[in-house]
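Undergrad: Provided herewith is a single structure, encoded as structure tokens, for subsequent inquiry.
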Amino acid sequence: MASVFSFQAVSDGIVMNFRSGSSFGSIKKAVSLHAAEAADFFTGVNLYLNLSGLELSYNQLEELMEIVKNYNQVNKIYFTARKIEKEEKSNKNSEAVIINRTLRSGQRVKHQANVVIVGDVNPGAEVIAGGDIIVFGRLRGVVHAGAGGSKDSQVAALKLNPTQLRIASLIARSPDDSDNSKLQAERAYIENDQIMVEKI
Amino acid sequence: MAGKTIVITSGKGGVGKTTSSANIGTALAMQGNRVCLIDADIGLRNLDVVMGLENRIVYDIVDVVENNCRLEQAMIRDKRYDGLYLLPAAQTRDKTSVTPFQMKELVGDLKEEMEMDYVIVDSPAGIEQGFKNAIAGADRAIIVTTPEISAVRDADRIIGLLEAEGLRDPEVIINRIRADMVDRGDMMGIEDMIEILAIDLIGIVPEDEGIVVSTNKGEPIALNDKAKAGEAYRNIARRIMGEDLPMMKLEKDNFITRFKKLVGLS
């Protein structure tokens with residue numbers, strides 16, 4: 001089943017890539033099986049069906065639509081034939097999701113690219129990003145930049161005082177005596193396999 | 001004027017939700033409002049004890065939603081104020097006995113048919129079903145917290161959950177604060193807590209031994225003219241009604257103030 005289609009996350013949804021040259025029968029079988037097993041898989045996302053390399057008749061398209069509808073609460077379904085993979089790689093560094101509010105205890109943001117938060121990250125909140133994490137506010141929760149292993153990632157905040165700060169596979173925490181008062185923008189990055197913090 | 005439903009919640013237990021509910025309800029009734037207190041802590045009811053109305057309970061909230069009785073049969077009229085009622089929780093059932101939908105209908109009936117100006121819902125601790133029931137019909141939320149990191153953390157979590165449920169702009173009561181400890185740096189100050197929570201402060205209640213006494217006697221401290229905590233709750237009620245009152249100055253319990261009290265200067 002895995003060989004017929006694969007998933008890929010993009011900034012505004014999830015792409016279902018079908019292997020070029022797959023027969024419609026095998027696609028139908030694989031998708032309906034997945035829809036039955038993982039009905040809630042796509043809750044609240046936009047779903048892109050990447051049909052590049054496939055030749056489907058209108059009826060087959062309609063049939064595929066019917067099966068895809070079995071996924072619960074998909075926002076919108078798009079058909080696309082663009083080569084998403086290539087675009088992804090070229091602009092992965094510039095892509096960012098912007099969160100325009102304070103993250104409170106128990107709230108969690110996870111994104112494969114960069115994350116920008118305009119607001120505070122309170123203790124008990126978590127931010128996980130494939131790329132950089134920038135906080136325009138006080139960072140007091142747990143952050144993990146470069147969660148996919150990218151050691152070039154960095155974390156910056158107007159007040160860098162995280163419960164725990166992770167970049168790629170390294171972990172650091174704020175010193176116990178860190179003074180809590182003034183705002184001083186800082187950034188954390190990896191140098192010589194160590195997390196370094198500097199004022200900016 | 002349509003009534004307002006206010007949920008009193010906190011996440012953490014033991015910070016004073018029930019005491020605050022009883023006192024805010026009483027203080028609102030003292031101002032001439034029609035008020036109904038709802039104890040949403042099914043299975044661990046307390047509000048009736050704090051109000052001193054325990055021995056008058058015949059029917060409870062679960063009886064109402066299961067149609068074993070009419071709403072007005074379960075509402076206990078307060079022994080001090082005519083406009084103050086209590087809808088008690090069931091003690092022998094659990095939180096799943098009521099659904100958020102039923103709760104919404106119930107507070108709707110209290111506001112419309114019973115013409116309540118304020119419905120105060122005393123939420124249980126935690127973030128599970130009981131909490132979800134308590135906030136279901138609420139128009140407004142007041143979060144009670146104490147100057148402890150764990151309580152503030154839980155309050156922060158609750159604010160997030162309330163926002164997710166569409167209850168925006170909750171307000172916070174900081175309970176059990178001790179000015180002398182704050183001054184020594186042994187207790188979180190009000191500014192530190194507001195900085196983390198980033199919501200409006202609706203009142204501060206100083207630590208007061210009188211609360212223990214009044215709770216045990218079943219007489220809310222808001223009835224006591226002399227108690228600082230009582231004054232704090234009466235102020236909170238007036239702020240709920242829309243008055244703009246300055247926050248209470250925290251009095252330090254040192255030698256001079258004790259001496260002043262002794263000679264009747266303050």
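How things are named: the first chain in the structure tokens is A, the next is B, and so on; residues count from 1 in each chain; ligands count from 1 in the order shown.
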Would you pick out the contacts of Ser23 (chain A) at 12 Å or less, using only C-alpha atoms, so that residues sharing its chain but fewer than 4 positions from it are not included, and give the list as a ChimeraX atom specification?
TA: /A:3-5,18-19,27-30,53-56,60
Undergrad: What are the closest atom pairs, with distances in Å to one decimal, for all residues of chain B lying within 10 Å of chain A? Consider only C-alpha atoms, order rows by chain and residue number, and present the result as CSV.
TA:
```
residue,atom,partner,partner_atom,distance
B:Ile149,CA,A:Pro123,CA,10.0
B:Val152,CA,A:Ser105,CA,9.8
B:Arg153,CA,A:Ser105,CA,6.6
B:Asp154,CA,A:Ser105,CA,7.4
B:Ala155,CA,A:Ser105,CA,8.6
B:Asp156,CA,A:Ser105,CA,5.7
B:Arg157,CA,A:Ser105,CA,4.5
B:Ile158,CA,A:Ser105,CA,8.3
B:Ile159,CA,A:Arg104,CA,7.6
B:Gly160,CA,A:Arg104,CA,5.8
B:Leu161,CA,A:Gly106,CA,8.8
B:Asp192,CA,A:Ser181,CA,9.5
B:Ile196,CA,A:Asn122,CA,6.9
B:Leu197,CA,A:Arg104,CA,8.4
B:Ala198,CA,A:Thr102,CA,9.0
```
Undergrad: Write the residues you've just listed into a file as a CSV table (one decimal), in the first residue's frame, and include N, CA and C atoms for each of them.
TA:
```csv
chain,number,residue,atom,x,y,z
B,149,ILE,N,3.2,29.1,41.9
B,149,ILE,CA,3.5,28.9,40.5
B,149,ILE,C,2.6,27.8,39.9
B,152,VAL,N,-0.8,29.4,39.1
B,152,VAL,CA,-0.7,30.3,38.0
B,152,VAL,C,-0.6,29.5,36.7
B,153,ARG,N,0.2,28.4,36.7
B,153,ARG,CA,0.3,27.6,35.6
B,153,ARG,C,-1.0,27.0,35.2
B,154,ASP,N,-1.8,26.5,36.1
B,154,ASP,CA,-3.1,25.9,35.8
B,154,ASP,C,-4.0,27.0,35.3
B,155,ALA,N,-3.9,28.2,35.9
B,155,ALA,CA,-4.8,29.2,35.5
B,155,ALA,C,-4.5,29.6,34.0
B,156,ASP,N,-3.3,29.5,33.6
B,156,ASP,CA,-2.9,29.8,32.3
B,156,ASP,C,-3.5,28.8,31.3
B,157,ARG,N,-3.4,27.5,31.7
B,157,ARG,CA,-4.0,26.4,31.0
B,157,ARG,C,-5.5,26.6,30.8
B,158,ILE,N,-6.1,27.0,31.8
B,158,ILE,CA,-7.6,27.3,31.8
B,158,ILE,C,-7.9,28.4,30.8
B,159,ILE,N,-7.1,29.5,30.9
B,159,ILE,CA,-7.4,30.6,30.0
B,159,ILE,C,-7.4,30.1,28.5
B,160,GLY,N,-6.4,29.3,28.2
B,160,GLY,CA,-6.3,28.7,26.9
B,160,GLY,C,-7.5,27.9,26.5
B,161,LEU,N,-7.9,27.1,27.5
B,161,LEU,CA,-9.1,26.2,27.2
B,161,LEU,C,-10.4,27.0,27.0
B,192,ASP,N,3.8,40.2,38.7
B,192,ASP,CA,4.4,39.0,38.1
B,192,ASP,C,3.3,38.1,37.5
B,196,ILE,N,2.3,37.1,33.4
B,196,ILE,CA,2.3,35.8,32.8
B,196,ILE,C,0.9,35.6,32.1
B,197,LEU,N,-0.2,35.9,32.9
B,197,LEU,CA,-1.5,35.5,32.5
B,197,LEU,C,-2.0,36.5,31.4
B,198,ALA,N,-1.6,37.7,31.5
B,198,ALA,CA,-2.0,38.7,30.5
B,198,ALA,C,-3.5,38.8,30.3
```
Undergrad: Go ahead and compute the interatomic distance for CA of Arg238 (chain B) and CA of Leu37 (chain B), in Å to one decimal.
TA: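 Answer for the CA of Arg238 (chain B) to CA of Leu37 (chain B) separation: 17.1 Å.
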Undergrad: So that I can check the surroundings of Leu47 (chain B), please list as a VMD selection string every protein, DNA and RNA residue that reaches within 6 Å of it, counting only C-alpha atoms and ignoring chain neighbours fewer than 2 positions away.
TA: chain B and resid 18 49 to 50
Undergrad: Store the residues picked out above, limited to C-alpha atoms, as a PDB file, in the first residue's frame.
TA:
```pdb
ATOM      1  CA  THR B  18     -16.166  27.750  46.158  1.00  0.00           C
ATOM      2  CA  VAL B  49     -21.960  23.961  53.256  1.00  0.00           C
ATOM      3  CA  VAL B  50     -20.122  27.233  52.710  1.00  0.00           C
TER       4      VAL B  50
END
```
Undergrad: What does the distance from CA of Ser174 (chain A) to CA of Pro162 (chain A) come to in Å, to one decimal?
TA: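 Rounded to one decimal, the two atoms are 6.1 Å apart.
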Undergrad: List as JSON, numbers by chain the protein and nucleic acid residues near Ile142 (chain B), meaning an atom at most 8 Å away when only C-alpha atoms are counted, but skip any in the same chain fewer than 4 places from it.
TA: {"B": [6, 7, 8, 9, 170, 171, 172, 173]}
Undergrad: Can I get the selection written as an mmCIF file, in the first residue's frame, with N, CA and C atoms?
TA:
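Generated file (out.cif):
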```cif
data_model
loop_
_atom_site.group_PDB
_atom_site.id
_atom_site.type_symbol
_atom_site.label_atom_id
_atom_site.label_comp_id
_atom_site.auth_asym_id
_atom_site.auth_seq_id
_atom_site.Cartn_x
_atom_site.Cartn_y
_atom_site.Cartn_z
ATOM 1 N N ILE B 6 -21.869 33.665 34.956
ATOM 2 C CA ILE B 6 -20.433 33.799 35.215
ATOM 3 C C ILE B 6 -19.927 32.491 35.802
ATOM 4 N N VAL B 7 -18.931 31.907 35.177
ATOM 5 C CA VAL B 7 -18.346 30.690 35.729
ATOM 6 C C VAL B 7 -17.098 31.066 36.536
ATOM 7 N N ILE B 8 -16.996 30.472 37.726
ATOM 8 C CA ILE B 8 -15.827 30.686 38.587
ATOM 9 C C ILE B 8 -14.995 29.413 38.499
ATOM 10 N N THR B 9 -13.785 29.517 37.975
ATOM 11 C CA THR B 9 -13.005 28.312 37.731
ATOM 12 C C THR B 9 -11.528 28.566 38.024
ATOM 13 N N PRO B 170 -11.351 36.400 29.878
ATOM 14 C CA PRO B 170 -11.679 36.072 31.266
ATOM 15 C C PRO B 170 -10.962 37.052 32.196
ATOM 16 N N GLU B 171 -11.426 37.132 33.437
ATOM 17 C CA GLU B 171 -10.788 38.004 34.413
ATOM 18 C C GLU B 171 -10.261 37.151 35.557
ATOM 19 N N VAL B 172 -9.345 37.693 36.320
ATOM 20 C CA VAL B 172 -8.704 36.877 37.346
ATOM 21 C C VAL B 172 -8.851 37.514 38.731
ATOM 22 N N ILE B 173 -9.085 36.643 39.709
ATOM 23 C CA ILE B 173 -9.032 37.034 41.115
ATOM 24 C C ILE B 173 -7.761 36.430 41.691
#
```
Undergrad: What residues in chain A get the DSSP label alpha helix (DSSP H)? Please answer as a PyMOL selection string.
TA: chain A and resi 24-37+58-68+84-91
Undergrad: Going by DSSP on the backbone, which residues of region 6-172 of chain A come out as strand (DSSP E or B)? List them as a ChimeraX atom specification.
TA: /A:6-10,13-18,46-50,76-80,96-99,103,108-111,114-118,121,126-129,133-139,142-145,155-160,164-167,170-172
Undergrad: Tell me, as a ChimeraX atom specification, which residues lie within 12 Å of Asn235 (chain B), counting only C-alpha atoms; anything in the same chain fewer than 3 positions away does not count.
TA: /B:23-24,26-28,30-31,173,202-205,222,228-232,238-248
Undergrad: Restricting the calculation to only C-alpha atoms, which member of B:Val65, B:Leu201, B:Leu110, B:Met75 is positioned closest to Leu87 (chain B)?
TA: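 Closest to Leu87 (chain B) of all the choices is B:Met75.
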Undergrad: Just to confirm, what's the straight-line distance from CA of Gly185 (chain B) to CA of Pro175 (chain A) in Å (one decimal)?
TA: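 A separation of 19.5 Å between them.
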